[in-house]
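Colleague: Handing you a structure now.
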Amino acid sequence: MEKNKNVLVVGAGGFIGGHLVKKLLDNGNNVIASDIKPKEYWFQDFDKAKNFYSTDMKNMQNCIKVTEGVDYVFNMACNMGGMGFIENNKAECMQSVLINTNLLIACKDHGIKKYFFSSSACAYNISMQQNTFIEGLKEKDAYPADPEDGYGWEKLFSERMCRHFMEDYGIQVRIARYHNIYGPFGTYDGGREKAPAAICRKIASVGSGESIDCWGDGEQTRSFLYIDDCIEATRRLMDSECKEVINIGSEEMVSINQLIDITSKIADKEIVVNHIDGPLGVRGRNSQNDKIRKILDWDYEYSLEEGIKKTYAWISYQVYKKNEVEEQVLEPSLPERY
């Protein structure tokens, strides 16, 4: 990213958005940060940001306000969470289409040069993800369209909206399909956390020899990408001339049982797993990274074990701090960040 440009990050108080803001500020950009949450509930603080907005971007007038004078926009905002949330809140997830639509209209009206949309692997055809072992999903595998209901349809529709705004109005749009991004400074409890954070929290909350719950048989597979690799790939994509949708993910596919084993090894704990009923999503999902290697010369650097080690260290400390407060009964519990 060119320095001294005015860059708007929508969803700046969230997990990926927060890490992106930090990277942009470190690079010398003028960052305008927006999120629907009040600023005291953002995951990271940014004293150097040019402006802060705690506002709902589903409102058109708010989009017009925050995009004025902006050169580039990163849309990282959506109503989402782990599988338990997106399978039980489909209408809420679908409403995020308003954020993308209103932002694109505001960008057109203000003549903004570049626009980034954060899509998801949930946009892929679910019929190709019914086995525990699958070949990596290529970008073309989103069609014929049959994404995950609710959240997946919102992402796929929004991708098409971006494409047509680029074709009709000349906005330089960049679209990434993120594959299970994880790391510190994100949701780890409350029901919206994803599998790596949930497993880290559960293991941090019990002693060696105790048990944790796992939805399903634990043989469902995924690949998980550490946040630092995600931010570097996102930066390269925004700087590139790539007008195609592109995967940003890891190709290190593991089962949920293997993820539990990796985390318990890092925690140095013997963990008993109780397999219970719960939302499972697709049976298997993995990224195929040929396109991003060729176009952006990017590959992920962190192994899953390296990334989980950093993530577990942060989440286990949050659990420790929370339990310390509860045991001492020094102050009331803080509200959930989401």
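Residues in the structure tokens are numbered from 1 in each chain, the chains being A, B, ... in the order shown, and ligands are numbered from 1 in the order shown.
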If you take only C-alpha atoms and a cut-off of 9 Å, which residues of region 134-213 of chain A touch region 65-87 of chain A, and what are their nearest atom pairs and distances in Å to one decimal, in chain and number order, as a Markdown table?

Modeller:
```
| residue | atom | partner | partner_atom | distance |
| --- | --- | --- | --- | --- |
| A:Glu148 | CA | A:Glu87 | CA | 8.9 |
| A:Asp149 | CA | A:Glu87 | CA | 7.9 |
| A:Gly150 | CA | A:Ile86 | CA | 7.4 |
| A:Tyr151 | CA | A:Ile86 | CA | 6.4 |
| A:Thr187 | CA | A:Gly81 | CA | 8.5 |
| A:Gly191 | CA | A:Phe85 | CA | 6.6 |
| A:Arg192 | CA | A:Gly81 | CA | 4.1 |
| A:Glu193 | CA | A:Gly82 | CA | 5.2 |
| A:Lys194 | CA | A:Gly82 | CA | 4.2 |
| A:Ala195 | CA | A:Gly82 | CA | 7.0 |
```

Colleague: Would you kindly return, as a ChimeraX atom specification, each protein, DNA or RNA residue with an atom no farther than 12 Å from any atom of Ala198 (chain A), considering only C-alpha atoms and excluding same-chain residues fewer than 6 positions away?

Modeller: /A:81-84,182-183,186-192,204-205,212-215,256,259-260,263,308,311-312,315-316,319

Colleague: Could you save the residues just selected, with N, CA, C and O atoms, as a short mmCIF file (atom, residue, chain, number, x, y, z; two decimals), in the first residue's frame?

Modeller:
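Output below, filename out-v4.cif:
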```cif
data_model
loop_
_atom_site.label_atom_id
_atom_site.label_comp_id
_atom_site.auth_asym_id
_atom_site.auth_seq_id
_atom_site.Cartn_x
_atom_site.Cartn_y
_atom_site.Cartn_z
N GLY A 81 -19.67 -15.93 12.73
CA GLY A 81 -19.04 -16.58 13.85
C GLY A 81 -18.67 -17.99 13.45
O GLY A 81 -18.53 -18.30 12.26
N GLY A 82 -18.55 -18.87 14.41
CA GLY A 82 -18.27 -20.26 14.12
C GLY A 82 -19.50 -20.98 13.60
O GLY A 82 -20.57 -20.39 13.42
N MET A 83 -19.37 -22.29 13.38
CA MET A 83 -20.45 -23.05 12.77
C MET A 83 -21.73 -23.00 13.60
O MET A 83 -22.83 -22.97 13.07
N GLY A 84 -21.59 -23.01 14.92
CA GLY A 84 -22.77 -22.94 15.76
C GLY A 84 -23.57 -21.68 15.54
O GLY A 84 -24.81 -21.70 15.58
N TYR A 182 -7.24 -17.79 12.01
CA TYR A 182 -7.21 -17.87 13.46
C TYR A 182 -5.98 -17.14 14.00
O TYR A 182 -5.06 -16.80 13.25
N GLY A 183 -5.97 -16.90 15.30
CA GLY A 183 -4.84 -16.24 15.93
C GLY A 183 -5.29 -15.49 17.17
O GLY A 183 -6.46 -15.53 17.57
N GLY A 186 -8.87 -12.15 19.11
CA GLY A 186 -10.12 -12.45 18.44
C GLY A 186 -11.11 -13.10 19.39
O GLY A 186 -10.83 -13.29 20.58
N THR A 187 -12.27 -13.43 18.87
CA THR A 187 -13.32 -14.05 19.68
C THR A 187 -12.89 -15.44 20.12
O THR A 187 -12.51 -16.27 19.29
N TYR A 188 -12.98 -15.71 21.42
CA TYR A 188 -12.61 -17.03 21.92
C TYR A 188 -13.69 -17.64 22.81
O TYR A 188 -13.56 -18.78 23.26
N ASP A 189 -14.77 -16.89 23.07
CA ASP A 189 -15.89 -17.45 23.84
C ASP A 189 -17.16 -16.71 23.46
O ASP A 189 -17.14 -15.83 22.59
N GLY A 190 -18.28 -17.11 24.05
CA GLY A 190 -19.54 -16.42 23.80
C GLY A 190 -20.40 -17.01 22.71
O GLY A 190 -21.52 -16.57 22.50
N GLY A 191 -19.89 -18.01 21.96
CA GLY A 191 -20.71 -18.66 20.94
C GLY A 191 -20.36 -18.33 19.51
O GLY A 191 -20.79 -19.03 18.59
N ARG A 192 -19.56 -17.27 19.29
CA ARG A 192 -19.18 -16.91 17.92
C ARG A 192 -17.77 -17.35 17.55
O ARG A 192 -17.34 -17.13 16.42
N ALA A 204 -7.63 -24.72 27.83
CA ALA A 204 -7.07 -23.82 28.85
C ALA A 204 -7.92 -23.81 30.12
O ALA A 204 -7.42 -23.47 31.19
N SER A 205 -9.19 -24.18 29.99
CA SER A 205 -10.12 -24.09 31.11
C SER A 205 -10.18 -25.34 31.97
O SER A 205 -10.88 -25.36 32.99
N ILE A 212 -13.22 -32.32 27.58
CA ILE A 212 -13.85 -31.23 26.85
C ILE A 212 -14.85 -31.83 25.88
O ILE A 212 -14.75 -33.01 25.50
N ASP A 213 -15.83 -31.03 25.45
CA ASP A 213 -16.82 -31.48 24.48
C ASP A 213 -16.38 -31.13 23.06
O ASP A 213 -15.75 -30.09 22.82
N CYS A 214 -16.74 -32.00 22.12
CA CYS A 214 -16.47 -31.77 20.69
C CYS A 214 -17.70 -32.16 19.91
O CYS A 214 -18.25 -33.26 20.11
N TRP A 215 -18.16 -31.28 19.02
CA TRP A 215 -19.33 -31.60 18.19
C TRP A 215 -18.99 -32.68 17.16
O TRP A 215 -17.97 -32.59 16.46
N ILE A 256 -10.63 -32.33 13.23
CA ILE A 256 -10.82 -31.62 14.50
C ILE A 256 -10.16 -32.41 15.63
O ILE A 256 -9.59 -31.82 16.56
N LEU A 259 -6.62 -31.45 15.56
CA LEU A 259 -6.47 -30.10 16.10
C LEU A 259 -6.48 -30.14 17.63
O LEU A 259 -5.69 -29.43 18.29
N ILE A 260 -7.33 -30.94 18.20
CA ILE A 260 -7.36 -31.10 19.66
C ILE A 260 -6.04 -31.70 20.16
O ILE A 260 -5.48 -31.25 21.17
N THR A 263 -3.31 -29.05 20.09
CA THR A 263 -3.48 -28.05 21.15
C THR A 263 -3.17 -28.63 22.53
O THR A 263 -2.53 -27.97 23.36
N ILE A 308 -0.97 -22.30 16.41
CA ILE A 308 -1.75 -22.65 17.60
C ILE A 308 -0.96 -22.34 18.86
O ILE A 308 -1.53 -21.92 19.89
N THR A 311 -1.52 -18.75 19.48
CA THR A 311 -2.93 -18.51 19.80
C THR A 311 -3.27 -19.03 21.19
O THR A 311 -3.96 -18.35 21.97
N TYR A 312 -2.79 -20.22 21.52
CA TYR A 312 -3.07 -20.79 22.84
C TYR A 312 -2.46 -19.93 23.94
O TYR A 312 -3.09 -19.74 24.99
N ILE A 315 -4.94 -16.98 24.38
CA ILE A 315 -6.26 -17.36 24.91
C ILE A 315 -6.14 -17.90 26.33
O ILE A 315 -6.97 -17.58 27.20
N SER A 316 -5.11 -18.69 26.60
CA SER A 316 -4.96 -19.23 27.96
C SER A 316 -4.75 -18.10 28.97
O SER A 316 -5.22 -18.19 30.11
N VAL A 319 -8.19 -16.59 29.64
CA VAL A 319 -8.94 -17.47 30.54
C VAL A 319 -8.43 -17.30 31.97
O VAL A 319 -9.22 -17.22 32.93
#
```

Colleague: Report as number ranges by chain all protein, DNA and RNA residues lying within 9 Å of Ser287 (chain A), evaluated on only C-alpha atoms, omitting residues in the same chain fewer than 4 positions from it.

Modeller: A: 121, 135-138, 179, 222-223, 247-253

Colleague: Between A:Asn323, A:Thr234, A:Gln129, A:Gln318, single out the one closest to Cys200 (chain A), counting only C-alpha atoms.

Modeller: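 Counting only C-alpha atoms, the residue closest to Cys200 (chain A) is A:Gln318.
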
Colleague: Point out the residue among A:Lys48, A:Arg236, A:Lys58, A:Lys5 with the least atom-to-atom distance to Leu296 (chain A), counting only C-alpha atoms.

Modeller: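 Nearest candidate to Leu296 (chain A) out of A:Lys48, A:Arg236, A:Lys58, A:Lys5: A:Arg236.
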
Colleague: Region 192-326 of chain A: which residues are strand (DSSP E) by DSSP, as number ranges by chain?

Modeller: A: 211-215, 221-223, 225-226, 246-248, 253-255, 272-276

Colleague: Which residues come within 9 Å of Glu210 (chain A), counting only C-alpha atoms, excluding same-chain residues fewer than 3 positions away, as a PyMOL selection string?

Modeller: chain A and resi 203+206-207+269-273

Colleague: Could you please determine the separation between CA of Asp277 (chain A) and CA of Gly152 (chain A) in Å, to one decimal place?

Modeller: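 Answer for the CA of Asp277 (chain A) to CA of Gly152 (chain A) separation: 22.5 Å.
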
Colleague: Using DSSP secondary structure from the backbone, list all helix (DSSP H, G or I) positions within region 50-91 of chain A, as a PyMOL selection string.

Modeller: chain A and resi 60-67+83-86+90-91

Colleague: Which distance in Å separates CA of Asn125 (chain A) and CA of Arg177 (chain A), to one decimal?

Modeller: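 Atom-to-atom, CA of Asn125 (chain A) and CA of Arg177 (chain A) are spaced 13.1 Å apart.
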
Colleague: With distances taken over only C-alpha atoms, which of A:Ile266, A:Gly13, A:Gly218, A:Lys23 is nearest to Lys37 (chain A)?

Modeller: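 Among the listed residues, the smallest separation from Lys37 (chain A) belongs to A:Gly13.
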
Colleague: Region 102-108 of chain A: which residues within 7 Å, counting only C-alpha atoms, same-chain residues fewer than 3 positions away excluded, as a list in words?

Modeller: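 Once the adjacent positions are removed, what remains is Lys58, Met60, Cys63, Ile64, Thr67, Leu98, Ile99, Gly111, Ile112 and Tyr169 of chain A.
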